[in-house]
Amino acid sequence: MEMEDKLLQLNRLLANFFVMYVKLHRYGWYVKGEQRISLQPMFTSNIAVCKEHIDHIVELILALGGQPYATMVKYVKEATIPEATADDEVHEMMEQLISDTDALLKDIDFIMNKNDNEQKSRFILYTLTNVERDLFKLQHESERYLNRR
């Protein structure tokens, strides 16, 4: 994959993380009842993790000589995961998070899955490995919650 294509894919990943960031806020604000007590800390911690990854992806794009997207219009236009559409039912929120994390993990795998020993590609791999780890954790937390129901 050429560097220009990698930068495009990284910008799409950035757009998806912005959508996820806003979605996690919405879910944290609208979760109701007993679930609020148990899920609020999960949403809050993942908001912080999401913001950290946004910053890392931006730094990566800049380090590779690209220009990160920087407007909400561009994020929504370029994102491949949907904005929050759940009717604020907890099981819908969790199912959407599982779907979103699955899509993001596939995007990361696509970006990282090139056997390229170029230094820039190793830098991408190093940065996205931590992002991938945290997405797996969020997906696992969401699945665990659904299985308790």
# chains A, B, ... in the order shown; residues from 1 in each chain; ligands from 1

call {"tool": "residues_around", "arguments": {"residues": "region 126-130 of chain A", "least_positions_apart": "4", "cutoff": "12 Å", "atoms": "only C-alpha atoms", "output": "PDB file with C-alpha atoms, in the first residue's frame"}}
result
ATOM      1  CA  LEU A  10      -5.464   6.547   8.805  1.00  0.00           C
ATOM      2  CA  LEU A  13      -9.683   5.634  11.158  1.00  0.00           C
ATOM      3  CA  LEU A  14      -9.401   9.083  12.747  1.00  0.00           C
ATOM      4  CA  VAL A  49      -8.954   6.107  25.898  1.00  0.00           C
ATOM      5  CA  CYS A  50     -10.675   7.108  22.661  1.00  0.00           C
ATOM      6  CA  GLU A  52      -5.900   9.432  23.615  1.00  0.00           C
ATOM      7  CA  HIS A  53      -6.034   7.308  20.469  1.00  0.00           C
ATOM      8  CA  ILE A  54      -7.365  10.238  18.460  1.00  0.00           C
ATOM      9  CA  ASP A  55      -4.281  12.190  19.529  1.00  0.00           C
ATOM     10  CA  HIS A  56      -1.976   9.275  18.644  1.00  0.00           C
ATOM     11  CA  ILE A  57      -3.536   8.829  15.213  1.00  0.00           C
ATOM     12  CA  VAL A  58      -3.225  12.567  14.525  1.00  0.00           C
ATOM     13  CA  GLU A  59       0.436  12.502  15.613  1.00  0.00           C
ATOM     14  CA  LEU A  60       1.021   9.491  13.371  1.00  0.00           C
ATOM     15  CA  ILE A  61      -0.569  11.178  10.358  1.00  0.00           C
ATOM     16  CA  ALA A  63       4.712  12.327  11.451  1.00  0.00           C
ATOM     17  CA  LEU A 104     -12.472  -0.577  13.593  1.00  0.00           C
ATOM     18  CA  LEU A 105     -10.422  -3.714  14.242  1.00  0.00           C
ATOM     19  CA  LYS A 106     -10.886  -4.762  10.609  1.00  0.00           C
ATOM     20  CA  ASP A 107      -9.780  -1.297   9.461  1.00  0.00           C
ATOM     21  CA  ILE A 108      -6.673  -1.492  11.645  1.00  0.00           C
ATOM     22  CA  ASP A 109      -5.906  -4.984  10.394  1.00  0.00           C
ATOM     23  CA  PHE A 110      -6.176  -3.734   6.814  1.00  0.00           C
ATOM     24  CA  ILE A 111      -3.766  -0.870   7.504  1.00  0.00           C
ATOM     25  CA  MET A 112      -1.290  -3.050   9.410  1.00  0.00           C
ATOM     26  CA  ASN A 113      -1.548  -6.204   7.296  1.00  0.00           C
ATOM     27  CA  GLN A 119      10.371   2.247   8.840  1.00  0.00           C
ATOM     28  CA  LYS A 120       7.174   4.269   8.433  1.00  0.00           C
ATOM     29  CA  SER A 121       5.145   1.069   8.252  1.00  0.00           C
ATOM     30  CA  ARG A 122       6.736  -0.196  11.455  1.00  0.00           C
ATOM     31  CA  ASP A 134      -8.024  -1.110  23.674  1.00  0.00           C
ATOM     32  CA  LEU A 135     -10.672  -1.843  21.046  1.00  0.00           C
ATOM     33  CA  PHE A 136     -10.521  -5.530  21.981  1.00  0.00           C
ATOM     34  CA  LYS A 137     -11.025  -4.543  25.628  1.00  0.00           C
TER      35      LYS A 137
END

call {"tool": "select_by_dssp", "arguments": {"residues": "region 6-145 of chain A", "states": "alpha helix (DSSP H)", "output": "VMD selection string"}}
result
chain A and resid 6 to 30 34 to 63 72 to 78 90 to 112 119 to 145

call {"tool": "atom_distance", "arguments": {"atom1": "CA of Leu62 (chain A)", "atom2": "CA of Leu7 (chain A)"}}
result
9.4 Å

call {"tool": "closest_residue", "arguments": {"among": "A:Val31, A:Leu8, A:Leu64, A:Ile37", "to": "Asp88 (chain A)", "atoms": "only C-alpha atoms"}}
result
A:Val31

call {"tool": "closest_residue", "arguments": {"among": "A:Asp5, A:Asp100, A:Glu34, A:Glu83", "to": "Val22 (chain A)", "atoms": "only C-alpha atoms"}}
result
A:Glu83

call {"tool": "closest_residue", "arguments": {"among": "A:Phe123, A:Leu138, A:Tyr30, A:Pro41", "to": "Asp102 (chain A)", "atoms": "only C-alpha atoms"}}
result
A:Leu138

call {"tool": "atom_distance", "arguments": {"atom1": "CA of Phe18 (chain A)", "atom2": "CA of Tyr75 (chain A)"}}
result
6.8 Å

call {"tool": "closest_residue", "arguments": {"among": "A:Asp87, A:Ile81, A:Met20, A:Lys6", "to": "Ala103 (chain A)", "atoms": "only C-alpha atoms"}}
result
A:Ile81

call {"tool": "atom_distance", "arguments": {"atom1": "CA of Tyr145 (chain A)", "atom2": "CA of Met94 (chain A)"}}
result
7.6 Å

call {"tool": "closest_residue", "arguments": {"among": "A:Thr80, A:Thr101, A:Gln96, A:Ser45", "to": "Val131 (chain A)", "atoms": "only C-alpha atoms"}}
result
A:Thr101

call {"tool": "closest_residue", "arguments": {"among": "A:Ile124, A:Val90, A:Pro82, A:Tyr69", "to": "Met3 (chain A)", "atoms": "only C-alpha atoms"}}
result
A:Ile124

call {"tool": "decode", "arguments": {"residues": "region 10-31 of chain A", "atoms": "N, CA and C atoms", "output": "JSON list (two decimals), in the first residue's frame"}}
result
[["chain", "number", "residue", "atom", "x", "y", "z"],
["A", 10, "LEU", "N", -5.65, 6.01, 7.45],
["A", 10, "LEU", "CA", -5.46, 6.55, 8.80],
["A", 10, "LEU", "C", -6.44, 7.69, 9.08],
["A", 11, "ASN", "N", -6.70, 8.52, 8.09],
["A", 11, "ASN", "CA", -7.67, 9.59, 8.27],
["A", 11, "ASN", "C", -9.08, 9.03, 8.44],
["A", 12, "ARG", "N", -9.41, 7.97, 7.74],
["A", 12, "ARG", "CA", -10.73, 7.34, 7.94],
["A", 12, "ARG", "C", -10.82, 6.73, 9.34],
["A", 13, "LEU", "N", -9.72, 6.15, 9.79],
["A", 13, "LEU", "CA", -9.68, 5.63, 11.16],
["A", 13, "LEU", "C", -9.88, 6.77, 12.16],
["A", 14, "LEU", "N", -9.23, 7.91, 11.90],
["A", 14, "LEU", "CA", -9.40, 9.08, 12.75],
["A", 14, "LEU", "C", -10.87, 9.52, 12.76],
["A", 15, "ALA", "N", -11.49, 9.58, 11.59],
["A", 15, "ALA", "CA", -12.90, 9.97, 11.51],
["A", 15, "ALA", "C", -13.77, 9.00, 12.31],
["A", 16, "ASN", "N", -13.50, 7.72, 12.19],
["A", 16, "ASN", "CA", -14.26, 6.72, 12.94],
["A", 16, "ASN", "C", -14.08, 6.88, 14.45],
["A", 17, "PHE", "N", -12.86, 7.21, 14.87],
["A", 17, "PHE", "CA", -12.64, 7.41, 16.30],
["A", 17, "PHE", "C", -13.37, 8.64, 16.82],
["A", 18, "PHE", "N", -13.49, 9.68, 16.00],
["A", 18, "PHE", "CA", -14.27, 10.85, 16.42],
["A", 18, "PHE", "C", -15.74, 10.49, 16.57],
["A", 19, "VAL", "N", -16.27, 9.71, 15.64],
["A", 19, "VAL", "CA", -17.65, 9.26, 15.75],
["A", 19, "VAL", "C", -17.82, 8.41, 17.00],
["A", 20, "MET", "N", -16.88, 7.51, 17.25],
["A", 20, "MET", "CA", -16.94, 6.67, 18.45],
["A", 20, "MET", "C", -16.87, 7.53, 19.72],
["A", 21, "TYR", "N", -16.02, 8.53, 19.71],
["A", 21, "TYR", "CA", -15.85, 9.43, 20.86],
["A", 21, "TYR", "C", -17.19, 10.11, 21.21],
["A", 22, "VAL", "N", -17.86, 10.64, 20.20],
["A", 22, "VAL", "CA", -19.15, 11.30, 20.43],
["A", 22, "VAL", "C", -20.20, 10.27, 20.85],
["A", 23, "LYS", "N", -20.16, 9.10, 20.22],
["A", 23, "LYS", "CA", -21.11, 8.04, 20.55],
["A", 23, "LYS", "C", -20.97, 7.61, 22.00],
["A", 24, "LEU", "N", -19.75, 7.45, 22.49],
["A", 24, "LEU", "CA", -19.53, 7.07, 23.88],
["A", 24, "LEU", "C", -20.07, 8.13, 24.84],
["A", 25, "HIS", "N", -19.90, 9.41, 24.48],
["A", 25, "HIS", "CA", -20.49, 10.47, 25.29],
["A", 25, "HIS", "C", -22.01, 10.32, 25.35],
["A", 26, "ARG", "N", -22.62, 10.16, 24.19],
["A", 26, "ARG", "CA", -24.08, 10.02, 24.13],
["A", 26, "ARG", "C", -24.54, 8.85, 24.99],
["A", 27, "TYR", "N", -23.89, 7.71, 24.82],
["A", 27, "TYR", "CA", -24.30, 6.54, 25.59],
["A", 27, "TYR", "C", -24.15, 6.78, 27.09],
["A", 28, "GLY", "N", -23.08, 7.43, 27.48],
["A", 28, "GLY", "CA", -22.89, 7.74, 28.90],
["A", 28, "GLY", "C", -23.96, 8.68, 29.44],
["A", 29, "TRP", "N", -24.40, 9.60, 28.62],
["A", 29, "TRP", "CA", -25.41, 10.57, 29.04],
["A", 29, "TRP", "C", -26.80, 9.95, 29.12],
["A", 30, "TYR", "N", -27.11, 9.00, 28.24],
["A", 30, "TYR", "CA", -28.47, 8.50, 28.12],
["A", 30, "TYR", "C", -28.70, 7.12, 28.74],
["A", 31, "VAL", "N", -27.68, 6.48, 29.24],
["A", 31, "VAL", "CA", -27.91, 5.18, 29.87],
["A", 31, "VAL", "C", -28.77, 5.41, 31.11]]
